[in-house]
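Participant: Input upload_3.txt, format and content: compact mmCIF, C-alpha atoms and all ligand atoms.
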```txt
# COMPACT_ATOMS: atom_id res chain seq x y z
CA MET A 1487 5.57 6.32 -2.33
CA LYS A 1488 7.98 3.43 -2.62
CA ILE A 1489 7.13 -0.21 -3.24
CA PRO A 1490 9.46 -1.98 -0.81
CA ASP A 1491 10.68 -5.59 -0.93
CA ARG A 1492 9.22 -6.18 2.53
CA LEU A 1493 6.40 -4.62 4.48
CA LYS A 1494 5.55 -5.08 8.14
CA ILE A 1495 1.80 -5.35 8.57
CA GLY A 1496 0.30 -5.74 12.02
CA GLY A 1497 3.65 -6.95 13.31
CA MET A 1498 3.99 -9.57 10.55
CA GLU A 1499 6.68 -9.39 7.89
CA TYR A 1500 5.36 -9.71 4.34
CA LEU A 1501 7.53 -10.13 1.28
CA VAL A 1502 6.45 -7.90 -1.59
CA ALA A 1503 7.05 -9.27 -5.07
CA GLU A 1504 6.32 -7.55 -8.35
CA CYS A 1505 5.54 -10.15 -10.96
CA ARG A 1506 4.08 -10.49 -14.44
CA GLU A 1507 0.95 -12.28 -15.56
CA LEU A 1508 -0.65 -12.44 -12.12
CA THR A 1509 -3.83 -14.47 -12.48
CA SER A 1510 -6.18 -16.54 -10.38
CA LYS A 1511 -8.77 -18.89 -11.88
CA GLY A 1512 -8.08 -17.40 -15.31
CA LYS A 1513 -8.75 -13.85 -14.13
CA ARG A 1514 -6.08 -11.17 -14.35
CA LEU A 1515 -5.28 -9.65 -10.93
CA SER A 1516 -3.69 -6.34 -9.91
CA GLY A 1517 -2.42 -7.88 -6.71
CA MET A 1518 -2.79 -10.79 -4.36
CA ALA A 1519 -1.94 -11.46 -0.73
CA ASP A 1520 -1.05 -14.89 0.62
CA HIS A 1521 -1.46 -14.44 4.34
CA GLU A 1522 -0.16 -17.87 5.28
CA CYS A 1523 3.07 -17.41 3.30
CA GLY A 1524 3.37 -13.70 4.15
CA LEU A 1525 3.58 -12.75 0.49
CA ILE A 1526 2.05 -9.82 -1.39
CA SER A 1527 2.27 -10.05 -5.17
CA ILE A 1528 1.83 -6.96 -7.30
CA ASN A 1529 1.14 -7.21 -11.02
CA ARG A 1530 4.04 -5.44 -12.69
CA ASP A 1531 2.06 -5.19 -15.91
CA GLU A 1532 -0.14 -2.50 -14.38
CA THR A 1533 0.14 0.53 -16.58
CA CYS A 1534 1.16 3.09 -14.00
CA TYR A 1535 3.28 3.12 -10.86
CA GLU A 1536 0.60 4.89 -8.82
CA HIS A 1537 -1.83 2.06 -9.49
CA ARG A 1538 0.74 -0.45 -8.22
CA CYS A 1539 1.13 1.66 -5.05
CA VAL A 1540 -2.63 1.63 -4.50
CA THR A 1541 -2.61 -2.12 -5.10
CA LEU A 1542 0.07 -2.55 -2.41
CA LEU A 1543 -2.07 -0.60 0.07
CA HIS A 1544 -5.12 -2.60 -1.02
CA GLU A 1545 -3.37 -5.90 -0.26
CA ALA A 1546 -2.00 -4.50 3.03
CA LEU A 1547 -5.58 -3.64 4.07
CA HIS A 1548 -6.63 -7.22 3.21
CA ALA A 1549 -3.78 -8.43 5.43
CA LEU A 1550 -4.92 -6.23 8.33
CA ALA A 1551 -8.49 -7.47 7.93
CA ASN A 1552 -7.28 -11.07 7.78
CA GLN A 1553 -5.31 -10.62 11.00
CA ALA A 1554 -8.49 -9.35 12.65
CA ASP A 1555 -10.40 -12.35 11.23
CA ILE A 1556 -12.59 -10.04 9.13
CA ASP A 1557 -13.92 -11.68 5.97
CA THR A 1558 -13.29 -9.47 2.92
CA SER A 1559 -14.41 -11.96 0.28
CA SER A 1560 -17.76 -10.29 -0.46
CA LYS A 1561 -18.14 -7.69 -3.23
CA LYS A 1562 -19.18 -5.10 -0.64
CA ALA A 1563 -16.09 -5.71 1.50
CA GLU A 1564 -13.88 -5.67 -1.60
CA ARG A 1565 -15.34 -2.32 -2.60
CA LEU A 1566 -14.66 -0.96 0.91
CA ILE A 1567 -11.04 -2.15 0.75
CA THR A 1568 -10.67 -0.49 -2.67
CA VAL A 1569 -12.13 2.82 -1.49
CA LEU A 1570 -9.89 2.79 1.60
CA ALA A 1571 -6.78 1.97 -0.45
CA TYR A 1572 -7.33 4.86 -2.88
CA GLY A 1573 -8.22 7.21 -0.01
CA LEU A 1574 -5.23 6.16 2.07
CA TYR A 1575 -2.89 6.57 -0.90
CA GLN A 1576 -4.19 10.09 -1.56
CA LEU A 1577 -4.03 10.99 2.14
CA LEU A 1578 -0.43 9.82 2.43
CA MET A 1579 0.67 11.45 -0.83
CA ASP A 1580 -0.99 14.75 0.00
CA ASN A 1581 0.24 14.84 3.59
CA GLY A 1582 3.43 12.78 3.61
CA ARG A 1583 5.59 15.60 4.85
CA ARG A 1584 3.08 16.74 7.44
CA LEU A 1585 2.78 13.24 8.83
CA PHE A 1586 6.26 11.77 8.44
CA ASP A 1587 8.65 14.43 7.19
CA ILE A 1588 8.69 12.58 3.87
CA GLY A 1589 6.93 12.97 0.58
CA PRO A 1590 7.16 15.09 -2.55
CA GLU A 1591 7.86 18.27 -0.60
CA TYR A 1592 10.50 16.69 1.62
CA ASN A 1593 13.68 18.70 1.98
CA PRO A 1594 16.38 17.22 4.26
CA GLU A 1595 17.66 20.71 5.01
CA ASP A 1596 14.34 21.53 6.68
CA VAL A 1597 14.84 18.61 9.06
CA ALA A 1598 18.42 19.69 9.82
CA ILE A 1599 17.25 23.23 10.59
CA ARG A 1600 14.44 21.95 12.81
CA ASN A 1601 16.86 19.63 14.67
CA GLU A 1602 19.19 22.57 15.31
CA GLU A 1603 16.25 24.56 16.67
CA ASP A 1604 15.34 21.65 18.93
CA ASP A 1605 18.93 21.50 20.20
CA GLU A 1606 18.82 25.20 20.99
CA ALA A 1607 15.61 24.74 22.95
CA LEU A 1608 17.27 22.19 25.27
ZN ZN A 1701 -9.04 -7.05 -2.85
```
What do you get writing this file as structure tokens?
Facilitator:
Amino acid sequence: MKIPDRLKIGGMEYLVAECRELTSKGKRLSGMADHECGLISINRDETCYEHRCVTLLHEALHALANQADIDTSSKKAERLITVLAYGLYQLLMDNGRRLFDIGPEYNPEDVAIRNEEDDEAL
């Protein structure tokens, strides 16, 4: 999975910034979404890339909830967002090729062969 500079969420363009020392009220954060500014910040100091990917999905889920006017400020809602982010990350990583023709198993030659087969079927 890539961490892009921009991400379209629910039709809205969000900038994605990786930064250091991301804190709020003295507490260290993995990520943060500013829905009014359209900005998702990811803490670059996270120890592994995969965790930063999960954090991006986590903040994207907050953005989707915010757009639907769903309050995710409670501990229970935060836990649900976290579970969904980890689950979504695993689902996409395990099935990227099946879903989008991308992912760890992606081979561009497979797509070229399939396109040729499609052309022959026409
Ligand atoms: Zn959260």
Participant: Would you tabulate, counting only C-alpha atoms and all ligand atoms, all residues of chain A that have an atom at most 9 Å from an atom of ligand ZN 1701 (chain A), showing the closest pair of atoms and their distance in Å to one decimal, sorted by chain then ascending number, as a Markdown table?
Facilitator:
```
| residue | atom | partner | partner_atom | distance |
| --- | --- | --- | --- | --- |
| A:Ser1516 | CA | A:ZN1701 | ZN | 8.9 |
| A:Gly1517 | CA | A:ZN1701 | ZN | 7.7 |
| A:Met1518 | CA | A:ZN1701 | ZN | 7.4 |
| A:Ala1519 | CA | A:ZN1701 | ZN | 8.6 |
| A:Thr1541 | CA | A:ZN1701 | ZN | 8.4 |
| A:His1544 | CA | A:ZN1701 | ZN | 6.2 |
| A:Glu1545 | CA | A:ZN1701 | ZN | 6.3 |
| A:Leu1547 | CA | A:ZN1701 | ZN | 8.5 |
| A:His1548 | CA | A:ZN1701 | ZN | 6.5 |
| A:Thr1558 | CA | A:ZN1701 | ZN | 7.6 |
| A:Ser1559 | CA | A:ZN1701 | ZN | 7.9 |
| A:Ala1563 | CA | A:ZN1701 | ZN | 8.4 |
| A:Glu1564 | CA | A:ZN1701 | ZN | 5.2 |
| A:Arg1565 | CA | A:ZN1701 | ZN | 7.9 |
| A:Ile1567 | CA | A:ZN1701 | ZN | 6.4 |
| A:Thr1568 | CA | A:ZN1701 | ZN | 6.8 |
```
Participant: Any chance you can output those residues with C-alpha atoms as an mmCIF file, in the frame of the given file?
Facilitator:
```cif
data_model
loop_
_atom_site.group_PDB
_atom_site.id
_atom_site.type_symbol
_atom_site.label_atom_id
_atom_site.label_comp_id
_atom_site.auth_asym_id
_atom_site.auth_seq_id
_atom_site.Cartn_x
_atom_site.Cartn_y
_atom_site.Cartn_z
ATOM 1 C CA SER A 1516 -3.690 -6.340 -9.910
ATOM 2 C CA GLY A 1517 -2.420 -7.880 -6.710
ATOM 3 C CA MET A 1518 -2.790 -10.790 -4.360
ATOM 4 C CA ALA A 1519 -1.940 -11.460 -0.730
ATOM 5 C CA THR A 1541 -2.610 -2.120 -5.100
ATOM 6 C CA HIS A 1544 -5.120 -2.600 -1.020
ATOM 7 C CA GLU A 1545 -3.370 -5.900 -0.260
ATOM 8 C CA LEU A 1547 -5.580 -3.640 4.070
ATOM 9 C CA HIS A 1548 -6.630 -7.220 3.210
ATOM 10 C CA THR A 1558 -13.290 -9.470 2.920
ATOM 11 C CA SER A 1559 -14.410 -11.960 0.280
ATOM 12 C CA ALA A 1563 -16.090 -5.710 1.500
ATOM 13 C CA GLU A 1564 -13.880 -5.670 -1.600
ATOM 14 C CA ARG A 1565 -15.340 -2.320 -2.600
ATOM 15 C CA ILE A 1567 -11.040 -2.150 0.750
ATOM 16 C CA THR A 1568 -10.670 -0.490 -2.670
#
```
Participant: CA of Cys1523 in chain A and CA of Tyr1572 in chain A, how far apart in Å?
Facilitator: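 CA of Tyr1572 in chain A sits 25.3 Å away from CA of Cys1523 in chain A.
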Participant: For Cys1505 in chain A, which residue out of A:Met1487, A:Val1569, A:Ile1526, A:Arg1492 is the nearest one, using all atoms listed in the file?
Facilitator: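 Once distances to Cys1505 in chain A are computed over all atoms listed in the file, the minimum belongs to A:Ile1526.
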Participant: Starting from 8 Å padding per side, set up an axis-aligned box that covers all listed atoms of range 1545-1560 of chain A and hand over centre and edge lengths in Å, one decimal, as lines of an AutoDock Vina configuration file.
Facilitator:
```
center_x = -9.9
center_y = -8.0
center_z = 6.1
size_x = 31.8
size_y = 24.7
size_z = 29.1
```
Participant: Just checking: using all atoms listed in the file, which residue out of A:Val1540, A:Lys1561, A:Glu1532, A:Ile1556 ends up closest to Leu1577 in chain A?
Facilitator: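 Looking at the shortest contact to Leu1577 in chain A, the residue is A:Val1540.
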Participant: Any idea what the distance is between CA of Leu1578 in chain A and CA of Asn1529 in chain A?
Facilitator: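 Value for the CA of Leu1578 in chain A-CA of Asn1529 in chain A distance: 21.8 Å.
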Participant: Check the smallest atom-to-atom distance from each of A:Ala1546, A:Ile1528, A:Lys1562, A:Glu1507 to Leu1493 in chain A using all atoms listed in the file, then report the winner.
Facilitator: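 When distances to Leu1493 in chain A are compared using all atoms listed in the file, the smallest one comes from A:Ala1546.
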Participant: Can you work out the spacing between CA of Tyr1575 in chain A and CA of Glu1536 in chain A in Å, to one decimal?
Facilitator: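 So the two atoms, CA of Tyr1575 in chain A and CA of Glu1536 in chain A, lie 8.8 Å apart.
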Participant: In file coordinates, which residues lie within 6 Å of (4.0, -12.6, 3.7) using all atoms listed in the file, given as a PyMOL selection string?
Facilitator: chain A and resi 1499-1501+1521+1523-1525
